[in-house]
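Colleague: Provided below: entry.csv, containing CSV, C-alpha atoms.
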chain,number,residue,atom,x,y,z
M,782,MET,CA,0.0,0.0,0.0
M,783,LYS,CA,2.9,2.3,0.8
M,784,LYS,CA,4.4,1.7,-2.7
M,785,ILE,CA,1.1,2.7,-4.4
M,786,LEU,CA,0.8,5.9,-2.3
M,787,PHE,CA,4.4,6.7,-3.1
M,788,ILE,CA,4.0,6.1,-6.8
M,789,GLY,CA,0.7,8.1,-6.8
M,790,ALA,CA,2.4,11.0,-4.9
M,791,PHE,CA,5.3,10.9,-7.3
M,792,PHE,CA,3.1,11.2,-10.4
M,793,ALA,CA,0.9,13.9,-8.7
M,794,PHE,CA,4.0,15.9,-7.9
M,795,HIS,CA,5.2,15.7,-11.5
M,796,TRP,CA,1.8,16.4,-12.9
M,797,THR,CA,1.3,19.5,-10.7
M,798,PHE,CA,4.6,21.1,-11.6
M,799,SER,CA,4.5,20.1,-15.3
M,800,GLN,CA,1.5,22.3,-15.9
M,801,GLN,CA,2.3,25.3,-18.1
M,802,LYS,CA,0.9,28.7,-17.2
M,803,SER,CA,-1.4,30.0,-19.9
M,804,SER,CA,-0.6,33.6,-20.8
M,805,ILE,CA,-3.3,36.0,-21.8
M,806,LYS,CA,-2.4,38.4,-24.6
M,807,ILE,CA,-4.3,41.6,-24.8
M,808,VAL,CA,-4.3,43.1,-28.3
M,809,GLU,CA,-5.4,46.7,-28.7
M,810,SER,CA,-8.1,47.1,-31.3
M,811,LYS,CA,-7.2,49.5,-34.1
M,812,ARG,CA,-10.8,50.9,-34.4
M,813,ILE,CA,-12.5,52.6,-31.5
M,814,GLU,CA,-15.8,51.1,-30.4
M,815,LEU,CA,-18.5,53.7,-29.6
M,816,THR,CA,-21.4,53.3,-27.3
M,817,SER,CA,-24.9,54.9,-27.9
M,818,GLU,CA,-25.2,57.4,-30.7
M,819,LEU,CA,-25.2,61.2,-30.2
M,820,SER,CA,-28.4,63.2,-30.8
M,821,LYS,CA,-28.6,65.1,-34.1
M,822,ASP,CA,-28.3,68.6,-32.5
M,823,LYS,CA,-25.2,67.6,-30.5
M,824,VAL,CA,-23.6,66.2,-33.7
M,825,ASP,CA,-24.4,69.5,-35.5
M,826,LEU,CA,-22.9,71.5,-32.6
M,827,TYR,CA,-19.7,69.4,-32.5
M,828,ASN,CA,-19.5,69.3,-36.3
M,829,GLN,CA,-19.5,73.1,-36.4
M,830,THR,CA,-16.7,73.3,-33.9
M,831,PHE,CA,-14.6,70.8,-35.8
M,832,MET,CA,-15.1,72.5,-39.2
M,833,LYS,CA,-14.0,75.8,-37.6
M,834,PHE,CA,-11.0,74.0,-36.2
M,835,ILE,CA,-10.1,72.5,-39.6
M,836,ALA,CA,-10.4,76.0,-41.2
M,837,ALA,CA,-8.1,77.4,-38.5
M,838,LEU,CA,-5.7,74.5,-38.9
M,839,LYS,CA,-5.6,75.0,-42.7
M,840,ASP,CA,-4.8,78.7,-42.1
M,841,SER,CA,-2.3,77.9,-39.4
M,842,ASP,CA,-4.2,80.3,-37.0
M,843,LYS,CA,-2.8,79.2,-33.7
M,844,GLY,CA,-4.9,81.8,-31.8
M,845,LYS,CA,-8.2,80.5,-33.3
M,846,ILE,CA,-7.1,76.9,-32.7
M,847,LYS,CA,-6.5,77.6,-29.0
M,848,THR,CA,-10.1,79.0,-28.6
M,849,LEU,CA,-11.6,75.8,-30.0
M,850,VAL,CA,-9.7,73.3,-27.9
M,851,SER,CA,-10.3,72.3,-24.3
M,852,ASP,CA,-8.5,74.0,-21.5
M,853,LYS,CA,-7.1,70.6,-20.5
M,854,ILE,CA,-4.9,70.4,-23.7
M,855,LYS,CA,-4.2,74.1,-24.4
M,856,TYR,CA,-1.1,73.9,-22.3
M,857,TYR,CA,0.3,71.0,-24.4
M,858,MET,CA,-0.4,72.6,-27.8
M,859,SER,CA,2.8,73.4,-29.7
M,860,GLU,CA,3.7,74.4,-33.2
M,861,ASP,CA,5.1,70.9,-33.7
M,862,MET,CA,1.8,69.2,-32.7
M,863,ILE,CA,-0.1,71.6,-35.0
M,864,SER,CA,2.1,70.9,-37.9
M,865,LYS,CA,1.9,67.1,-37.4
M,866,LEU,CA,-1.8,67.2,-37.1
M,867,SER,CA,-2.2,69.4,-40.2
M,868,GLY,CA,0.1,66.9,-42.1
M,869,GLY,CA,-2.3,64.0,-41.1
M,870,ILE,CA,-5.4,65.6,-42.4
M,871,SER,CA,-6.2,66.1,-46.1
M,872,PHE,CA,-7.7,69.6,-46.5
M,873,GLU,CA,-8.6,69.0,-50.2
M,874,ARG,CA,-10.9,66.1,-49.4
M,875,LYS,CA,-14.4,66.8,-48.0
M,876,MET,CA,-15.2,65.1,-44.7
M,877,GLU,CA,-18.5,63.8,-43.4
M,878,VAL,CA,-19.7,62.2,-40.1
M,879,TYR,CA,-19.2,58.5,-40.2
M,880,LYS,CA,-20.3,57.5,-36.6
M,881,SER,CA,-20.9,59.3,-33.4
M,882,GLY,CA,-21.2,58.1,-29.8
M,883,TYR,CA,-19.5,58.2,-26.4
M,884,GLN,CA,-16.2,56.8,-25.4
M,885,GLN,CA,-14.8,56.2,-21.9
M,886,LEU,CA,-11.3,57.5,-21.4
M,887,TYR,CA,-8.6,56.4,-19.0
M,888,GLU,CA,-10.1,58.7,-16.2
M,889,ASN,CA,-13.3,56.8,-16.4
M,890,GLU,CA,-15.0,59.8,-17.8
M,891,THR,CA,-17.3,59.5,-20.8
M,892,TYR,CA,-16.9,62.0,-23.6
M,893,PRO,CA,-18.7,62.5,-26.9
M,894,ILE,CA,-16.8,61.3,-30.0
M,895,ILE,CA,-17.4,61.8,-33.7
M,896,GLN,CA,-15.7,59.7,-36.3
M,897,TYR,CA,-15.2,61.4,-39.7
M,898,LYS,CA,-14.5,59.8,-43.0
M,899,TYR,CA,-13.6,61.4,-46.3
M,900,SER,CA,-16.6,61.6,-48.7
M,901,ASP,CA,-14.8,59.9,-51.6
M,902,ASP,CA,-13.9,56.9,-49.5
M,903,GLN,CA,-16.5,54.2,-50.4
M,904,ASN,CA,-14.9,51.4,-48.4
M,905,ASN,CA,-16.9,49.8,-45.5
M,906,PRO,CA,-15.4,50.4,-42.9
M,907,PRO,CA,-13.6,53.5,-44.4
M,908,ARG,CA,-9.8,53.3,-44.9
M,909,ASP,CA,-9.2,56.7,-43.3
M,910,ILE,CA,-11.0,57.8,-40.1
M,911,ILE,CA,-10.5,60.9,-38.0
M,912,ASN,CA,-11.6,60.5,-34.4
M,913,VAL,CA,-12.5,63.7,-32.6
M,914,ILE,CA,-13.2,63.7,-28.9
M,915,PHE,CA,-15.2,66.6,-27.5
M,916,GLU,CA,-16.1,68.0,-24.1
M,917,ASN,CA,-19.8,68.4,-23.4
M,918,ASP,CA,-19.6,72.1,-24.1
M,919,GLY,CA,-18.3,71.5,-27.6
M,920,LYS,CA,-14.6,72.2,-27.1
M,921,ILE,CA,-12.2,69.7,-28.8
M,922,LEU,CA,-10.4,67.4,-26.3
M,923,GLY,CA,-8.5,65.3,-28.8
M,924,ILE,CA,-8.0,64.4,-32.5
M,925,LYS,CA,-6.6,61.2,-33.9
M,926,PRO,CA,-6.4,60.4,-37.6
M,927,GLU,CA,-6.2,56.7,-38.3
M,928,TYR,CA,-5.1,55.3,-41.6
M,929,ALA,CA,-5.5,51.7,-42.9
M,930,GLU,CA,-2.3,50.1,-43.9
Show me this structure written as structure tokens.
Modeller:
Amino acid sequence: MKKILFIGAFFAFHWTFSQQKSSIKIVESKRIELTSELSKDKVDLYNQTFMKFIAALKDSDKGKIKTLVSDKIKYYMSEDMISKLSGGISFERKMEVYKSGYQQLYENETYPIIQYKYSDDQNNPPRDIINVIFENDGKILGIKPEYAE
């Protein structure tokens, strides 16, 4: 009986320590998932602000740009950021609203977001999307152009 217990313990010991840990790999999604759609009047308000921002960006009017962005990011706005952003947006192509909704950011706050696509892009989903996050008062909190590879 002792031999059977010893052999059982021996195999149980090896079986326990031979198990491999499974690793979980989290892959960040390229496209942002939105929750609940914005009302039409909110989309119109945010869209007007964004179009004013695009016009100011095209003209390189830093003063106008700073009036349209949130106080939270004004401090971080630099000439370099503005030039990179204007290089990532095509001013010749017309933009239209693709999707709208709310997104939860790292502070666990929910902000309105509108995804824009270029009118001439007929792909579904579009190849190029510009994500614009707004504060509830209409000021721009962030802009992120995304391009398909």
Colleague: So which one's closest to Gly869 in chain M, M:Leu838, M:Ser820, M:Asn828, M:Ile914? Using all atoms listed in the file, please.
Modeller: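 Closest candidate: M:Leu838.
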Colleague: Compile the contact shell of range 860-868 of chain M as a compact mmCIF listing (two decimals) with C-alpha atoms, in the frame of the given file: residues with an atom at most 10 Å away, counting all atoms listed in the file, same-chain residues fewer than 3 positions apart removed.
Modeller:
# COMPACT_ATOMS: atom_id res chain seq x y z
CA ILE M 835 -10.10 72.50 -39.60
CA LEU M 838 -5.70 74.50 -38.90
CA LYS M 839 -5.60 75.00 -42.70
CA ASP M 840 -4.80 78.70 -42.10
CA SER M 841 -2.30 77.90 -39.40
CA ASP M 842 -4.20 80.30 -37.00
CA LYS M 843 -2.80 79.20 -33.70
CA ILE M 846 -7.10 76.90 -32.70
CA TYR M 857 0.30 71.00 -24.40
CA SER M 871 -6.20 66.10 -46.10
CA PHE M 872 -7.70 69.60 -46.50
CA ILE M 924 -8.00 64.40 -32.50
CA LYS M 925 -6.60 61.20 -33.90
CA PRO M 926 -6.40 60.40 -37.60
Colleague: Do you have the CA of Met876 in chain M-CA of Asn889 in chain M distance handy?
Modeller: 29.6 Å
Colleague: For Gly923 in chain M, please output as a ChimeraX atom specification all residues within 9 Å (counting all atoms listed in the file; exclusion window: fewer than 3 positions along the same chain).
Modeller: /M:850-851,854,912-915
Colleague: Please identify all polymer residues within 8 Å of Phe834 in chain M, counting all atoms listed in the file, omitting same-chain residues fewer than 2 positions from it, and present them as a list in words.
Modeller: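 The residues satisfying every condition are Thr830, Phe831, Met832, Ala836, Ala837, Leu838, Lys845, Ile846 and Leu849 of chain M.
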Colleague: What is the distance between CA of Glu877 in chain M and CA of Asp825 in chain M, in Å to one decimal?
Modeller: 11.4 Å
Colleague: Suppose you want the space between CA of Tyr887 in chain M and CA of Glu916 in chain M; what is it in Å?
Modeller: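 Answer for the CA of Tyr887 in chain M to CA of Glu916 in chain M separation: 14.7 Å.
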Colleague: Would you kindly return, as a list in words, each protein, DNA or RNA residue with an atom no farther than 8 Å from any atom of Gln896 in chain M, considering only C-alpha atoms and excluding same-chain residues fewer than 3 positions away?
Modeller: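 Contacts, with the query itself left out: Val878, Tyr879, Lys880, Ser881, Ile910, Ile911, Asn912 and Val913 of chain M.
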Colleague: Rank nothing, just name the residue among M:Lys853, M:Lys847, M:Lys821, M:Lys833 nearest to Leu922 in chain M, using all atoms listed in the file.
Modeller: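 The closest residue to Leu922 in chain M is M:Lys853.
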Colleague: Quick one: residues within 9 Å of Lys875 in chain M, only C-alpha atoms, excluding same-chain residues fewer than 6 positions away - as a list in words?
Modeller: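 Counting only the stated atoms, we get Lys898, Tyr899, Ser900 and Asp901 of chain M.
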